[in-house]
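Engineer: My structure file input.pdb, PDB, C-alpha atoms, is below:
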```pdb
ATOM      1  CA  MET A1062      12.920  13.898 -13.748
ATOM      2  CA  SER A1063      10.083  11.490 -14.020
ATOM      3  CA  GLU A1064       6.734  12.775 -15.161
ATOM      4  CA  GLN A1065       4.666  10.782 -12.761
ATOM      5  CA  VAL A1066       6.153  11.784  -9.419
ATOM      6  CA  SER A1067       3.774  14.698  -8.989
ATOM      7  CA  GLU A1068       0.942  12.232  -8.756
ATOM      8  CA  ARG A1069      -0.230  10.929  -5.406
ATOM      9  CA  ARG A1070      -0.442   7.509  -6.956
ATOM     10  CA  VAL A1071       1.166   6.092 -10.015
ATOM     11  CA  GLY A1072      -1.006   4.831 -12.788
ATOM     12  CA  THR A1073      -4.492   5.809 -13.773
ATOM     13  CA  ALA A1074      -7.496   6.157 -11.508
ATOM     14  CA  GLY A1075      -8.820   2.977 -13.088
ATOM     15  CA  GLU A1076      -5.722   1.034 -12.077
ATOM     16  CA  ALA A1077      -5.967   2.399  -8.554
ATOM     17  CA  SER A1078      -9.591   1.371  -8.183
ATOM     18  CA  GLU A1079      -8.834  -2.064  -9.616
ATOM     19  CA  ALA A1080      -6.085  -2.358  -7.019
ATOM     20  CA  ASP A1081      -8.627  -1.343  -4.359
ATOM     21  CA  GLU A1082     -10.904  -4.192  -5.403
ATOM     22  CA  VAL A1083      -8.029  -6.628  -5.117
ATOM     23  CA  PHE A1084      -7.089  -5.315  -1.668
ATOM     24  CA  VAL A1085     -10.659  -5.727  -0.462
ATOM     25  CA  ALA A1086     -10.846  -9.248  -1.839
ATOM     26  CA  LEU A1087      -7.519 -10.221  -0.275
ATOM     27  CA  ALA A1088      -8.203  -8.626   3.109
ATOM     28  CA  ASP A1089     -10.001 -11.811   4.156
ATOM     29  CA  PRO A1090      -7.725 -14.683   5.252
ATOM     30  CA  THR A1091     -10.133 -17.371   4.062
ATOM     31  CA  ARG A1092     -10.147 -15.854   0.591
ATOM     32  CA  ARG A1093      -6.347 -15.726   0.570
ATOM     33  CA  GLN A1094      -6.271 -19.360   1.588
ATOM     34  CA  LEU A1095      -8.808 -20.153  -1.099
ATOM     35  CA  LEU A1096      -6.698 -18.455  -3.758
ATOM     36  CA  ASP A1097      -3.603 -20.303  -2.577
ATOM     37  CA  GLU A1098      -5.431 -23.586  -2.703
ATOM     38  CA  LEU A1099      -6.784 -22.843  -6.136
ATOM     39  CA  ALA A1100      -3.350 -21.815  -7.399
ATOM     40  CA  ALA A1101      -1.907 -25.084  -6.117
ATOM     41  CA  ARG A1102      -4.611 -27.164  -7.766
ATOM     42  CA  GLY A1103      -4.830 -25.277 -11.030
ATOM     43  CA  GLU A1104      -8.535 -25.901 -11.385
ATOM     44  CA  ALA A1105     -11.116 -26.975  -8.812
ATOM     45  CA  SER A1106     -14.801 -26.938  -7.930
ATOM     46  CA  ALA A1107     -16.236 -25.227  -4.850
ATOM     47  CA  THR A1108     -16.895 -28.645  -3.334
ATOM     48  CA  THR A1109     -13.269 -29.737  -3.697
ATOM     49  CA  LEU A1110     -12.015 -26.413  -2.358
ATOM     50  CA  ALA A1111     -14.259 -26.562   0.720
ATOM     51  CA  LEU A1112     -12.667 -29.789   1.994
ATOM     52  CA  PRO A1113      -9.203 -28.609   3.133
ATOM     53  CA  LEU A1114     -10.486 -25.210   4.286
ATOM     54  CA  THR A1115     -12.989 -26.506   6.845
ATOM     55  CA  VAL A1116     -15.605 -24.060   5.672
ATOM     56  CA  SER A1117     -18.914 -24.911   4.029
ATOM     57  CA  ARG A1118     -19.304 -25.203   0.294
ATOM     58  CA  GLN A1119     -21.791 -22.314   0.419
ATOM     59  CA  ALA A1120     -19.207 -20.108   2.141
ATOM     60  CA  VAL A1121     -16.643 -21.062  -0.480
ATOM     61  CA  VAL A1122     -19.078 -20.142  -3.261
ATOM     62  CA  LYS A1123     -19.607 -16.707  -1.670
ATOM     63  CA  HIS A1124     -15.883 -16.124  -1.311
ATOM     64  CA  LEU A1125     -15.297 -17.221  -4.894
ATOM     65  CA  ALA A1126     -17.926 -14.708  -5.999
ATOM     66  CA  VAL A1127     -16.016 -11.904  -4.246
ATOM     67  CA  LEU A1128     -12.764 -13.081  -5.806
ATOM     68  CA  GLY A1129     -14.511 -13.275  -9.163
ATOM     69  CA  ARG A1130     -15.796  -9.698  -8.915
ATOM     70  CA  ALA A1131     -12.247  -8.561  -8.182
ATOM     71  CA  GLY A1132     -11.114 -10.361 -11.321
ATOM     72  CA  LEU A1133      -8.989 -12.852  -9.392
ATOM     73  CA  VAL A1134     -10.731 -16.082 -10.345
ATOM     74  CA  ARG A1135     -12.808 -17.305 -13.244
ATOM     75  CA  GLY A1136     -15.539 -19.933 -13.093
ATOM     76  CA  VAL A1137     -16.347 -22.124 -16.107
ATOM     77  CA  ARG A1138     -19.283 -24.501 -16.177
ATOM     78  CA  ARG A1139     -18.223 -28.076 -16.887
ATOM     79  CA  GLY A1140     -21.271 -30.314 -17.052
ATOM     80  CA  ARG A1141     -22.987 -30.135 -13.698
ATOM     81  CA  GLU A1142     -20.339 -28.220 -11.791
ATOM     82  CA  VAL A1143     -18.447 -24.958 -12.068
ATOM     83  CA  ARG A1144     -14.670 -25.283 -12.227
ATOM     84  CA  TYR A1145     -12.636 -22.337 -10.979
ATOM     85  CA  THR A1146      -9.193 -21.158 -12.052
ATOM     86  CA  VAL A1147      -6.938 -18.301 -10.915
ATOM     87  CA  ARG A1148      -6.665 -15.283 -13.176
ATOM     88  CA  PRO A1149      -3.176 -13.918 -12.542
ATOM     89  CA  GLU A1150      -3.518 -10.758 -14.645
ATOM     90  CA  ARG A1151      -5.179  -8.623 -11.997
ATOM     91  CA  LEU A1152      -2.737  -9.770  -9.324
ATOM     92  CA  ASP A1153       0.147  -8.910 -11.585
ATOM     93  CA  ALA A1154      -1.358  -5.476 -12.163
ATOM     94  CA  THR A1155      -1.765  -4.939  -8.424
ATOM     95  CA  ALA A1156       1.795  -6.050  -7.735
ATOM     96  CA  ARG A1157       3.018  -3.645 -10.433
ATOM     97  CA  TRP A1158       0.910  -0.856  -8.949
ATOM     98  CA  LEU A1159       2.426  -1.432  -5.509
ATOM     99  CA  ALA A1160       5.911  -1.613  -6.984
ATOM    100  CA  GLY A1161       5.174   1.765  -8.572
ATOM    101  CA  LEU A1162       4.287   3.221  -5.172
ATOM    102  CA  ALA A1163       7.485   1.795  -3.708
ATOM    103  CA  ALA A1164       9.443   3.391  -6.561
ATOM    104  CA  GLU A1165       7.791   6.730  -5.781
ATOM    105  CA  TRP A1166       9.006   6.460  -2.199
ATOM    106  CA  ASP A1167      12.502   5.692  -3.468
ATOM    107  CA  THR A1168      12.360   8.850  -5.556
ATOM    108  CA  ARG A1169      11.197  10.877  -2.552
ATOM    109  CA  LEU A1170      13.832   9.369  -0.249
ATOM    110  CA  ALA A1171      16.524  10.214  -2.798
ATOM    111  CA  ALA A1172      15.247  13.807  -2.867
ATOM    112  CA  ILE A1173      15.202  13.896   0.951
ATOM    113  CA  LYS A1174      18.822  12.712   0.954
ATOM    114  CA  ARG A1175      19.860  15.385  -1.564
ATOM    115  CA  LEU A1176      18.124  18.124   0.420
ATOM    116  CA  ALA A1177      19.515  17.000   3.774
ATOM    117  CA  GLU A1178      23.054  16.626   2.462
ATOM    118  CA  ALA A1179      23.001  19.916   0.565
ATOM    119  CA  ASP A1180      25.198  22.394   2.346
ATOM    120  CA  GLU A1181      22.566  24.983   3.051
ATOM    121  CA  PRO A1182      21.972  26.438   6.467
ATOM    122  CA  PRO A1183      18.533  25.974   8.027
ATOM    123  CA  ARG A1184      16.277  28.772   6.938
ATOM    124  CA  ARG A1185      15.226  31.344   9.449
ATOM    125  CA  SER A1186      11.626  32.422   9.184
TER     126      SER A1186
ATOM    127  CA  MET B  61       6.412 -14.522   8.308
ATOM    128  CA  THR B  62       5.797 -11.958   5.646
ATOM    129  CA  VAL B  63       4.869  -8.396   6.313
ATOM    130  CA  ALA B  64       1.450  -7.688   4.921
ATOM    131  CA  ASP B  65      -0.105  -4.756   3.234
ATOM    132  CA  ARG B  66       2.784  -2.323   3.405
ATOM    133  CA  ILE B  67       5.598  -0.659   1.553
ATOM    134  CA  GLU B  68       8.904  -0.290   3.389
ATOM    135  CA  ARG B  69      11.844   1.678   2.011
ATOM    136  CA  GLU B  70      14.930   3.172   3.573
ATOM    137  CA  ILE B  71      18.009   5.182   2.783
ATOM    138  CA  VAL B  72      21.125   6.249   4.692
ATOM    139  CA  VAL B  73      21.831   9.970   4.623
ATOM    140  CA  ALA B  74      25.068  11.737   5.519
ATOM    141  CA  ALA B  75      23.393  14.317   7.734
ATOM    142  CA  PRO B  76      22.355  14.480  11.369
ATOM    143  CA  ALA B  77      18.832  13.510  12.378
ATOM    144  CA  GLU B  78      18.052  17.111  13.323
ATOM    145  CA  ARG B  79      18.734  18.242   9.762
ATOM    146  CA  LEU B  80      16.580  15.423   8.383
ATOM    147  CA  TRP B  81      13.803  16.332  10.753
ATOM    148  CA  GLU B  82      13.653  19.781   9.148
ATOM    149  CA  VAL B  83      13.628  18.315   5.651
ATOM    150  CA  LEU B  84      10.833  15.914   6.591
ATOM    151  CA  THR B  85       8.570  18.346   8.394
ATOM    152  CA  ARG B  86       9.066  21.914   7.171
ATOM    153  CA  PRO B  87       6.600  22.745   4.416
ATOM    154  CA  GLU B  88       9.156  24.465   2.187
ATOM    155  CA  HIS B  89      11.246  21.275   2.218
ATOM    156  CA  VAL B  90       8.341  18.850   1.963
ATOM    157  CA  GLY B  91       7.210  20.662  -1.158
ATOM    158  CA  ARG B  92      10.563  19.829  -2.727
ATOM    159  CA  TRP B  93      10.692  16.115  -2.067
ATOM    160  CA  PHE B  94       6.974  15.723  -2.747
ATOM    161  CA  GLU B  95       7.525  16.974  -6.237
ATOM    162  CA  GLY B  96       4.825  19.089  -7.740
ATOM    163  CA  MET B  97       3.020  19.534  -4.441
ATOM    164  CA  THR B  98       2.342  22.735  -2.558
ATOM    165  CA  VAL B  99       2.455  21.754   1.077
ATOM    166  CA  GLN B 100       0.929  23.009   4.315
ATOM    167  CA  VAL B 101       1.837  21.319   7.587
ATOM    168  CA  ASP B 102       0.416  22.004  11.024
ATOM    169  CA  LEU B 103       3.144  20.125  12.855
ATOM    170  CA  ARG B 104       1.407  18.708  15.921
ATOM    171  CA  PRO B 105      -0.588  15.555  16.589
ATOM    172  CA  GLY B 106      -3.984  16.011  14.978
ATOM    173  CA  GLY B 107      -2.692  18.873  12.863
ATOM    174  CA  ALA B 108      -3.814  19.186   9.249
ATOM    175  CA  MET B 109      -1.501  18.598   6.342
ATOM    176  CA  VAL B 110      -2.439  19.477   2.775
ATOM    177  CA  LEU B 111      -0.573  18.462  -0.347
ATOM    178  CA  ALA B 112      -2.012  20.409  -3.231
ATOM    179  CA  ASN B 113      -1.452  19.798  -6.902
ATOM    180  CA  GLU B 114      -3.130  21.792  -9.660
ATOM    181  CA  GLU B 115      -3.766  18.785 -11.804
ATOM    182  CA  PHE B 116      -4.833  16.244  -9.210
ATOM    183  CA  GLY B 117      -6.396  18.379  -6.487
ATOM    184  CA  LYS B 118      -5.801  18.492  -2.749
ATOM    185  CA  PHE B 119      -4.643  15.474  -0.820
ATOM    186  CA  HIS B 120      -5.537  15.751   2.834
ATOM    187  CA  ALA B 121      -3.497  14.258   5.645
ATOM    188  CA  VAL B 122      -3.573  14.352   9.434
ATOM    189  CA  VAL B 123      -0.377  14.439  11.475
ATOM    190  CA  GLU B 124      -0.239  11.689  14.097
ATOM    191  CA  GLN B 125       3.153  11.477  15.828
ATOM    192  CA  VAL B 126       5.633  14.331  16.159
ATOM    193  CA  GLU B 127       8.698  13.165  18.082
ATOM    194  CA  PRO B 128      11.680  15.236  16.929
ATOM    195  CA  PRO B 129      14.106  14.148  15.689
ATOM    196  CA  ARG B 130      13.036  10.491  15.613
ATOM    197  CA  ARG B 131       9.540   9.867  14.423
ATOM    198  CA  PHE B 132       7.013  11.616  12.197
ATOM    199  CA  THR B 133       3.813   9.897  11.110
ATOM    200  CA  PHE B 134       0.683  10.961   9.278
ATOM    201  CA  ARG B 135      -2.449   9.486   7.772
ATOM    202  CA  TRP B 136      -2.856  10.313   4.141
ATOM    203  CA  ALA B 137      -6.075  10.178   2.126
ATOM    204  CA  ARG B 138      -5.744   7.878  -0.843
ATOM    205  CA  HIS B 139      -7.801  10.040  -3.151
ATOM    206  CA  PRO B 140      -7.788  13.794  -3.789
ATOM    207  CA  ASP B 141     -10.306  16.125  -2.176
ATOM    208  CA  THR B 142     -11.267  13.433   0.316
ATOM    209  CA  PRO B 143     -11.194  13.892   4.087
ATOM    210  CA  VAL B 144      -8.989  11.573   6.129
ATOM    211  CA  THR B 145     -10.852   8.727   7.788
ATOM    212  CA  GLU B 146      -9.631   5.321   8.819
ATOM    213  CA  GLY B 147     -11.318   3.882   5.791
ATOM    214  CA  THR B 148      -9.832   6.213   3.200
ATOM    215  CA  ALA B 149      -6.255   6.814   4.239
ATOM    216  CA  THR B 150      -2.953   4.998   4.498
ATOM    217  CA  LEU B 151      -0.498   5.499   7.344
ATOM    218  CA  VAL B 152       2.929   6.933   6.506
ATOM    219  CA  GLU B 153       5.632   6.510   9.164
ATOM    220  CA  PHE B 154       9.062   8.101   9.037
ATOM    221  CA  THR B 155      11.631   6.824  11.523
ATOM    222  CA  LEU B 156      15.099   8.359  11.891
ATOM    223  CA  THR B 157      17.908   6.309  13.435
ATOM    224  CA  PRO B 158      21.478   7.584  13.906
ATOM    225  CA  GLU B 159      23.947   5.423  12.001
ATOM    226  CA  GLY B 160      27.651   6.206  12.047
ATOM    227  CA  ASP B 161      28.035   9.850  11.103
ATOM    228  CA  GLY B 162      24.695   9.840   9.367
ATOM    229  CA  THR B 163      21.087   8.833   9.755
ATOM    230  CA  ARG B 164      19.008   5.974   8.482
ATOM    231  CA  VAL B 165      15.638   7.164   7.174
ATOM    232  CA  ARG B 166      12.956   4.531   7.031
ATOM    233  CA  VAL B 167       9.514   5.063   5.549
ATOM    234  CA  VAL B 168       6.626   2.643   5.874
ATOM    235  CA  GLU B 169       3.298   3.143   4.138
ATOM    236  CA  SER B 170       0.608   0.737   5.269
ATOM    237  CA  GLY B 171      -3.121   0.226   5.419
ATOM    238  CA  PHE B 172      -4.016  -0.363   1.789
ATOM    239  CA  THR B 173      -6.580  -2.995   2.736
ATOM    240  CA  LEU B 174      -8.170  -0.832   5.408
ATOM    241  CA  THR B 175     -10.923   0.476   3.223
ATOM    242  CA  ASP B 176     -14.335   0.931   4.776
ATOM    243  CA  ALA B 177     -15.645  -2.214   3.186
ATOM    244  CA  VAL B 178     -13.198  -4.456   4.975
ATOM    245  CA  LYS B 179     -12.436  -2.578   8.171
ATOM    246  CA  VAL B 180     -14.471  -4.764  10.521
ATOM    247  CA  ASP B 181     -13.321  -7.896   8.787
ATOM    248  CA  GLN B 182      -9.742  -6.735   9.039
ATOM    249  CA  GLN B 183      -9.918  -6.060  12.772
ATOM    250  CA  ARG B 184     -11.435  -9.444  13.425
ATOM    251  CA  HIS B 185      -8.758 -11.234  11.506
ATOM    252  CA  ALA B 186      -5.794  -9.044  12.315
ATOM    253  CA  GLU B 187      -4.248 -11.518  14.712
ATOM    254  CA  ALA B 188      -5.910 -14.618  13.333
ATOM    255  CA  ASN B 189      -3.799 -14.754  10.249
ATOM    256  CA  ARG B 190      -0.389 -13.219   9.877
ATOM    257  CA  GLN B 191       0.206 -14.554   6.417
ATOM    258  CA  GLY B 192       0.765 -11.584   4.178
ATOM    259  CA  TRP B 193      -1.133 -11.208   1.001
ATOM    260  CA  LEU B 194       2.017  -9.951  -0.646
ATOM    261  CA  GLN B 195       3.307 -13.475  -0.281
ATOM    262  CA  VAL B 196       0.108 -14.660  -1.911
ATOM    263  CA  LEU B 197       0.660 -12.207  -4.732
ATOM    264  CA  ASP B 198       4.134 -13.594  -5.254
ATOM    265  CA  SER B 199       3.068 -17.209  -5.264
ATOM    266  CA  LEU B 200       0.213 -16.463  -7.612
ATOM    267  CA  ARG B 201       2.422 -14.505  -9.946
ATOM    268  CA  ARG B 202       4.767 -17.460 -10.126
ATOM    269  CA  TYR B 203       1.772 -19.626 -10.776
ATOM    270  CA  GLY B 204       0.684 -17.283 -13.523
ATOM    271  CA  GLU B 205       4.107 -17.346 -15.144
ATOM    272  CA  GLN B 206       4.203 -21.111 -15.065
ATOM    273  CA  HIS B 207       0.720 -21.492 -16.469
ATOM    274  CA  ALA B 208       0.636 -18.645 -18.939
ATOM    275  CA  ALA B 209      -1.236 -19.901 -21.965
TER     276      ALA B 209
END
```
Represent the supplied structure as structure tokens.
Structural biologist:
Amino acid sequence: MSEQVSERRVGTAGEASEADEVFVALADPTRRQLLDELAARGEASATTLALPLTVSRQAVVKHLAVLGRAGLVRGVRRGREVRYTVRPERLDATARWLAGLAAEWDTRLAAIKRLAEADEPPRRS
Amino acid sequence: MTVADRIEREIVVAAPAERLWEVLTRPEHVGRWFEGMTVQVDLRPGGAMVLANEEFGKFHAVVEQVEPPRRFTFRWARHPDTPVTEGTATLVEFTLTPEGDGTRVRVVESGFTLTDAVKVDQQRHAEANRQGWLQVLDSLRRYGEQHAA
């Protein structure tokens, strides 16, 4: 039996709250689009990113700040502009966290199957 | 189209739906498949459910749909000792479907992005964009693998 199944959530509280930050950041479709765009380009400035998204540069800067706080992007100053890149580590961690939750449900479903298939009559209370 | 913000798992069980309904809803059974939890269930819409664990505390849930022997859903607080509100809980949905001599059990847990901070945002955009962030996660992970320094 696995040690972690008694937990409501796999992983540490820190991992769960990091996942929360990622969920909040990704709940906005513009920010998802922004991340996609950034992933496709590798590195880009807010000005470049604003063009295909039909939102203002200022809006892009705000969204990038939210993504940055969630650990999803990193901005590095290059001369007069800030160039942004995707940080995949936190996304990987979130994906792993979710996979852990899915595995917990698999464990529970397997237990449900065992219990339901066990040849015991329904209990009378 | 990708399904967003949810976990979906299923299993086929060689037992009738009525038997599964008991396993899914009777506290003495729930406490066995929710390992390590002591369980209380007030099995009616709006009824309280408590999953208690000595180490982690009490997880509160509220029963939503009770449609024996087909559908059982509840909202489940994400953190211990926290009341269930829209902003703090995920939705767990069990659906039972007869299949051959047995029953398909499907569980969906959803609502991870429905924290208080994004609730309004989420409602506004719910229909505006059906692209799942899980898909984004996948594409970004591939990106990360390709560009790992």
Engineer: Just so the selection is clear, what residues does the PyMOL selection byres ((chain A and resi 1091-1099) around 7) cover here, as a list in words?
Structural biologist: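 So the PyMOL selection byres ((chain A and resi 1091-1099) around 7) ends up selecting Leu1087, Asp1089, Pro1090, Ala1100, Ala1101, Arg1102, Gly1103, Glu1104, Ala1105, His1124, Thr1146 and Val1147 of chain A; Trp193 and Val196 of chain B.
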Engineer: Go ahead and save the residues from that selection, with C-alpha atoms, as a PDB file, in the frame of the given file.
Structural biologist:
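Printed below is again01.pdb as written:
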```
ATOM      1  CA  LEU A1087      -7.519 -10.221  -0.275  1.00  0.00           C
ATOM      2  CA  ASP A1089     -10.001 -11.811   4.156  1.00  0.00           C
ATOM      3  CA  PRO A1090      -7.725 -14.683   5.252  1.00  0.00           C
ATOM      4  CA  ALA A1100      -3.350 -21.815  -7.399  1.00  0.00           C
ATOM      5  CA  ALA A1101      -1.907 -25.084  -6.117  1.00  0.00           C
ATOM      6  CA  ARG A1102      -4.611 -27.164  -7.766  1.00  0.00           C
ATOM      7  CA  GLY A1103      -4.830 -25.277 -11.030  1.00  0.00           C
ATOM      8  CA  GLU A1104      -8.535 -25.901 -11.385  1.00  0.00           C
ATOM      9  CA  ALA A1105     -11.116 -26.975  -8.812  1.00  0.00           C
ATOM     10  CA  HIS A1124     -15.883 -16.124  -1.311  1.00  0.00           C
ATOM     11  CA  THR A1146      -9.193 -21.158 -12.052  1.00  0.00           C
ATOM     12  CA  VAL A1147      -6.938 -18.301 -10.915  1.00  0.00           C
TER      13      VAL A1147
ATOM     14  CA  TRP B 193      -1.133 -11.208   1.001  1.00  0.00           C
ATOM     15  CA  VAL B 196       0.108 -14.660  -1.911  1.00  0.00           C
TER      16      VAL B 196
END
```
Engineer: For A:Lys1123, which residue among A:Ala1160, A:Ala1111, A:Val1137, A:Val1083 is the nearest when counting only C-alpha atoms?
Structural biologist: A:Ala1111
Engineer: Can you measure atom CA of B:Glu159 to atom CA of B:Trp136 for me? One decimal in Å is fine.
Structural biologist: 28.4 Å
Engineer: Assuming the chain letters and numbering stay as they are in my file, what does the PyMOL selection byres ((chain A) within 7 of (chain B)) actually select? List them as a ChimeraX atom specification.
Structural biologist: /A:1066-1067,1084-1085,1087-1090,1093,1097,1100,1149,1152-1153,1156,1163,1166-1167,1169-1170,1172-1174,1176-1178
Engineer: For atom CA of B:Thr98 and atom CA of B:Pro129, quote the distance in Å rounded to one decimal.
Structural biologist: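 Between atom CA of B:Thr98 and atom CA of B:Pro129 the gap works out to 23.3 Å.
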Engineer: Between atom CA of B:Ser170 and atom CA of B:Pro158, measure the distance and give it in Å to one decimal.
Structural biologist: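 About the pair atom CA of B:Ser170 and atom CA of B:Pro158: they are 23.6 Å apart.
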Engineer: Step by step, work through what the PyMOL selection byres ((chain B and resi 124) around 8) selects in the shown file, and finish by giving those residues as a list in words.
Structural biologist: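 So the PyMOL selection byres ((chain B and resi 124) around 8) ends up selecting Arg104, Pro105, Gly106, Gly107, Val122, Val123, Gln125, Val126, Phe132, Thr133, Phe134 and Arg135 of chain B.
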Engineer: Residues near A:Ala1107, anyone? I mean within 10 Å using all atoms listed in the file, not counting same-chain ones fewer than 4 positions away, as an NGL selection string.
Structural biologist: :A and (1095 or 1099 or 1111-1112 or 1117-1125 or 1136 or 1142-1145)
